[in-house]
$ cat run-v1.pdb   # PDB, C-alpha atoms
MODEL        1
ATOM      1  CA  MET A   1       0.000   0.000   0.000
ATOM      2  CA  PHE A   2       2.796   2.405   0.942
ATOM      3  CA  VAL A   3       4.593   1.629  -2.346
ATOM      4  CA  LYS A   4       1.458   2.469  -4.378
ATOM      5  CA  LYS A   5       1.079   5.839  -2.610
ATOM      6  CA  LEU A   6       4.755   6.595  -3.066
ATOM      7  CA  PHE A   7       4.539   5.691  -6.751
ATOM      8  CA  SER A   8       1.426   7.873  -7.184
ATOM      9  CA  LEU A   9       3.159  10.797  -5.469
ATOM     10  CA  PHE A  10       6.226  10.304  -7.688
ATOM     11  CA  LEU A  11       4.053  10.218 -10.825
ATOM     12  CA  VAL A  12       2.237  13.450  -9.873
ATOM     13  CA  ALA A  13       5.555  15.167  -9.138
ATOM     14  CA  LEU A  14       6.986  13.986 -12.445
ATOM     15  CA  LEU A  15       3.989  15.173 -14.461
ATOM     16  CA  THR A  16       3.962  18.517 -12.668
ATOM     17  CA  GLY A  17       7.643  18.972 -13.482
ATOM     18  CA  CYS A  18       6.963  18.312 -17.161
ATOM     19  CA  THR A  19       4.705  21.303 -17.630
ATOM     20  CA  VAL A  20       6.419  23.849 -19.810
ATOM     21  CA  LEU A  21       4.824  27.053 -18.536
ATOM     22  CA  PRO A  22       2.308  27.791 -15.800
ATOM     23  CA  PRO A  23      -1.389  27.707 -16.773
ATOM     24  CA  GLY A  24      -2.625  30.859 -18.490
ATOM     25  CA  ILE A  25       0.786  31.689 -19.971
ATOM     26  CA  GLU A  26       0.891  32.238 -23.751
ATOM     27  CA  ASN A  27       3.514  30.800 -26.062
ATOM     28  CA  PRO A  28       6.015  33.370 -27.332
ATOM     29  CA  HIS A  29       5.608  34.870 -30.811
ATOM     30  CA  VAL A  30       8.506  34.127 -33.173
ATOM     31  CA  THR A  31       9.096  36.026 -36.435
ATOM     32  CA  LEU A  32      11.820  36.106 -39.076
ATOM     33  CA  ASN A  33      14.053  39.153 -38.585
ATOM     34  CA  ASN A  34      16.945  38.530 -40.992
ATOM     35  CA  LEU A  35      18.400  35.938 -43.387
ATOM     36  CA  GLN A  36      21.981  36.147 -44.715
ATOM     37  CA  VAL A  37      24.119  33.770 -46.748
ATOM     38  CA  LEU A  38      27.087  32.473 -44.732
ATOM     39  CA  ASP A  39      28.647  30.089 -47.226
ATOM     40  CA  MET A  40      27.757  27.964 -50.206
ATOM     41  CA  THR A  41      29.279  24.722 -51.375
ATOM     42  CA  LEU A  42      28.219  22.456 -54.171
ATOM     43  CA  LEU A  43      25.937  20.349 -51.964
ATOM     44  CA  GLU A  44      25.089  22.551 -48.995
ATOM     45  CA  GLN A  45      24.309  26.168 -48.178
ATOM     46  CA  ARG A  46      24.437  27.785 -44.739
ATOM     47  CA  TYR A  47      22.543  30.911 -43.768
ATOM     48  CA  ALA A  48      22.614  33.107 -40.671
ATOM     49  CA  VAL A  49      19.037  33.543 -39.478
ATOM     50  CA  THR A  50      17.890  36.008 -36.845
ATOM     51  CA  LEU A  51      14.558  35.319 -35.171
ATOM     52  CA  ARG A  52      12.680  37.841 -33.031
ATOM     53  CA  VAL A  53      11.086  36.216 -29.978
ATOM     54  CA  GLN A  54       8.369  38.273 -28.273
ATOM     55  CA  ASN A  55       7.076  37.376 -24.826
ATOM     56  CA  PRO A  56       3.413  38.393 -24.244
ATOM     57  CA  ASN A  57       3.555  37.259 -20.581
ATOM     58  CA  PRO A  58       4.170  38.914 -17.194
ATOM     59  CA  VAL A  59       7.044  36.478 -16.453
ATOM     60  CA  PRO A  60      10.396  36.088 -18.252
ATOM     61  CA  ILE A  61      11.007  33.018 -20.436
ATOM     62  CA  PRO A  62      14.495  31.486 -20.112
ATOM     63  CA  ILE A  63      15.192  29.871 -23.495
ATOM     64  CA  SER A  64      17.828  27.138 -23.498
ATOM     65  CA  GLY A  65      17.575  26.237 -27.202
ATOM     66  CA  MET A  66      15.444  26.273 -30.336
ATOM     67  CA  ASN A  67      14.819  24.313 -33.507
ATOM     68  CA  PHE A  68      13.040  25.588 -36.604
ATOM     69  CA  ARG A  69      12.111  24.926 -40.203
ATOM     70  CA  LEU A  70      11.693  27.523 -42.933
ATOM     71  CA  ASP A  71       9.349  26.822 -45.862
ATOM     72  CA  ILE A  72       9.181  29.110 -48.881
ATOM     73  CA  ASN A  73       6.144  28.833 -51.162
ATOM     74  CA  ASP A  74       5.067  25.617 -49.409
ATOM     75  CA  THR A  75       8.440  23.919 -49.996
ATOM     76  CA  GLU A  76      10.971  23.211 -47.262
ATOM     77  CA  PHE A  77      13.925  25.549 -47.678
ATOM     78  CA  GLY A  78      15.989  24.499 -44.667
ATOM     79  CA  ARG A  79      16.251  23.692 -40.966
ATOM     80  CA  GLY A  80      18.231  25.024 -38.048
ATOM     81  CA  VAL A  81      18.976  24.633 -34.358
ATOM     82  CA  THR A  82      20.714  26.533 -31.590
ATOM     83  CA  HIS A  83      21.591  25.966 -27.962
ATOM     84  CA  GLN A  84      22.045  29.712 -27.385
ATOM     85  CA  ALA A  85      20.664  30.633 -23.966
ATOM     86  CA  VAL A  86      18.505  33.764 -24.016
ATOM     87  CA  THR A  87      16.054  35.112 -21.465
ATOM     88  CA  VAL A  88      13.142  36.961 -23.022
ATOM     89  CA  PRO A  89      11.987  39.535 -20.469
ATOM     90  CA  ALA A  90       8.364  39.838 -19.382
ATOM     91  CA  TYR A  91       6.442  41.756 -22.067
ATOM     92  CA  GLY A  92       9.722  42.064 -23.962
ATOM     93  CA  GLU A  93      11.566  40.618 -26.884
ATOM     94  CA  ALA A  94      14.958  39.210 -27.807
ATOM     95  CA  LEU A  95      16.820  38.390 -30.999
ATOM     96  CA  VAL A  96      18.116  34.833 -31.385
ATOM     97  CA  GLU A  97      20.729  33.979 -33.994
ATOM     98  CA  LEU A  98      20.725  30.518 -35.580
ATOM     99  CA  ASN A  99      22.238  28.781 -38.559
ATOM    100  CA  LEU A 100      19.979  27.359 -41.256
ATOM    101  CA  VAL A 101      21.209  24.560 -43.514
ATOM    102  CA  SER A 102      19.794  23.964 -46.973
ATOM    103  CA  ASN A 103      20.896  21.880 -49.941
ATOM    104  CA  LEU A 104      21.367  22.439 -53.640
ATOM    105  CA  VAL A 105      18.099  20.747 -54.653
ATOM    106  CA  ARG A 106      16.049  23.001 -52.356
ATOM    107  CA  LEU A 107      17.873  26.084 -53.615
ATOM    108  CA  PHE A 108      17.191  25.174 -57.263
ATOM    109  CA  ASP A 109      13.530  24.507 -56.448
ATOM    110  CA  GLN A 110      13.235  27.982 -54.932
ATOM    111  CA  VAL A 111      14.981  29.677 -57.880
ATOM    112  CA  ARG A 112      12.704  27.845 -60.333
ATOM    113  CA  GLY A 113       9.672  28.910 -58.316
ATOM    114  CA  MET A 114      10.827  32.536 -58.325
ATOM    115  CA  GLU A 115      11.275  32.476 -62.122
ATOM    116  CA  SER A 116       7.757  31.133 -62.694
ATOM    117  CA  ASN A 117       6.244  33.703 -60.293
ATOM    118  CA  LYS A 118       8.077  36.824 -61.487
ATOM    119  CA  GLY A 119       6.976  39.932 -59.661
ATOM    120  CA  GLN A 120       4.922  38.020 -57.106
ATOM    121  CA  SER A 121       5.583  37.871 -53.394
ATOM    122  CA  LEU A 122       7.166  34.835 -51.791
ATOM    123  CA  HIS A 123       5.197  33.213 -48.990
ATOM    124  CA  TYR A 124       7.148  31.810 -46.077
ATOM    125  CA  ARG A 125       6.308  29.731 -43.045
ATOM    126  CA  LEU A 126       8.488  29.544 -39.969
ATOM    127  CA  SER A 127       7.779  26.734 -37.499
ATOM    128  CA  GLY A 128       9.598  25.025 -34.673
ATOM    129  CA  GLY A 129       9.969  24.653 -30.946
ATOM    130  CA  ILE A 130      11.524  26.526 -28.024
ATOM    131  CA  SER A 131      13.150  24.665 -25.132
ATOM    132  CA  VAL A 132      12.695  26.403 -21.798
ATOM    133  CA  ALA A 133      15.449  26.044 -19.197
ATOM    134  CA  ASP A 134      14.751  23.478 -16.450
ATOM    135  CA  ARG A 135      11.554  22.265 -18.154
ATOM    136  CA  LEU A 136      10.776  19.264 -20.322
ATOM    137  CA  GLY A 137       8.989  19.610 -23.632
ATOM    138  CA  LYS A 138       8.974  22.457 -26.115
ATOM    139  CA  LEU A 139       6.865  25.520 -26.771
ATOM    140  CA  PRO A 140       5.713  25.254 -30.394
ATOM    141  CA  PHE A 141       5.632  28.262 -32.690
ATOM    142  CA  GLU A 142       4.508  29.009 -36.227
ATOM    143  CA  TYR A 143       4.544  32.223 -38.212
ATOM    144  CA  GLN A 144       3.589  32.941 -41.819
ATOM    145  CA  GLY A 145       4.444  35.968 -43.868
ATOM    146  CA  GLU A 146       5.416  37.159 -47.302
ATOM    147  CA  PHE A 147       7.976  39.370 -48.960
ATOM    148  CA  ASN A 148       8.712  40.552 -52.467
ATOM    149  CA  PRO A 149      12.389  40.061 -53.355
ATOM    150  CA  ARG A 150      12.100  42.523 -56.256
ATOM    151  CA  ARG A 151      11.338  45.458 -53.946
TER     152      ARG A 151
ENDMDL
END

$ encode --input "run-v1.pdb" --output "structure tokens"
Amino acid sequence: MFVKKLFSLFLVALLTGCTVLPPGIENPHVTLNNLQVLDMTLLEQRYAVTLRVQNPNPVPIPISGMNFRLDINDTEFGRGVTHQAVTVPAYGEALVELNLVSNLVRLFDQVRGMESNKGQSLHYRLSGGISVADRLGKLPFEYQGEFNPRR
């Protein structure tokens, strides 16, 4: 009987520790701030990506890492990760720098798509997860936008 109670108490403590943020707290908003070419090789391209993380909550969010995917015109362009630790202040924002890796096939697909849609805006989708320090799980995020490379 004592073992069952102890196990139940352990399970409740474990599940409570797995919550990412307290109830009523909103996920941060993540948007694309900048994208720069770092280097290009025959098979792989690396880009420096800056994401803006906005915290709509009255408590700071201590980020311990992030992962993301960038789609352009409904096609995966690349993925990236970082273990950069950043604390986003309450009702504040922070810039997080990451590397994005793409490959030659994805780059050619995007160039072909741009040629067939001359003068039109490119649609992008940014999605991923934020790891919060001392918590299990991730805070998901997704943002969609568009830009016109000709302007």

$ resolve_selection --input "run-v1.pdb" --expression "the PyMOL selection byres ((chain A and resi 130) around 9)" --output "list of chain:residue names"
A:Pro28, A:Ile63, A:Ser64, A:Gly65, A:Met66, A:Asn67, A:Phe68, A:Gly128, A:Gly129, A:Ser131, A:Val132, A:Gly137, A:Lys138, A:Leu139, A:Pro140, A:Phe141

$ closest_residue --input "run-v1.pdb" --among "A:Ala133, A:Val30, A:Leu100, A:Ile72" --to "Glu44 (chain A)" --atoms "only C-alpha atoms"
A:Leu100

$ residues_near_point --input "run-v1.pdb" --point "(12.6, 37.2, -24.6)" --cutoff "12 Å" --atoms "all atoms listed in the file" --output "PyMOL selection string"
chain A and resi 27-30+51-64+85-96+130+132

$ atom_distance --input "run-v1.pdb" --atom1 "CA of Tyr47 (chain A)" --atom2 "CA of Asn99 (chain A)"
5.6 Å

$ atom_distance --input "run-v1.pdb" --atom1 "CA of Thr82 (chain A)" --atom2 "CA of Thr41 (chain A)"
21.6 Å
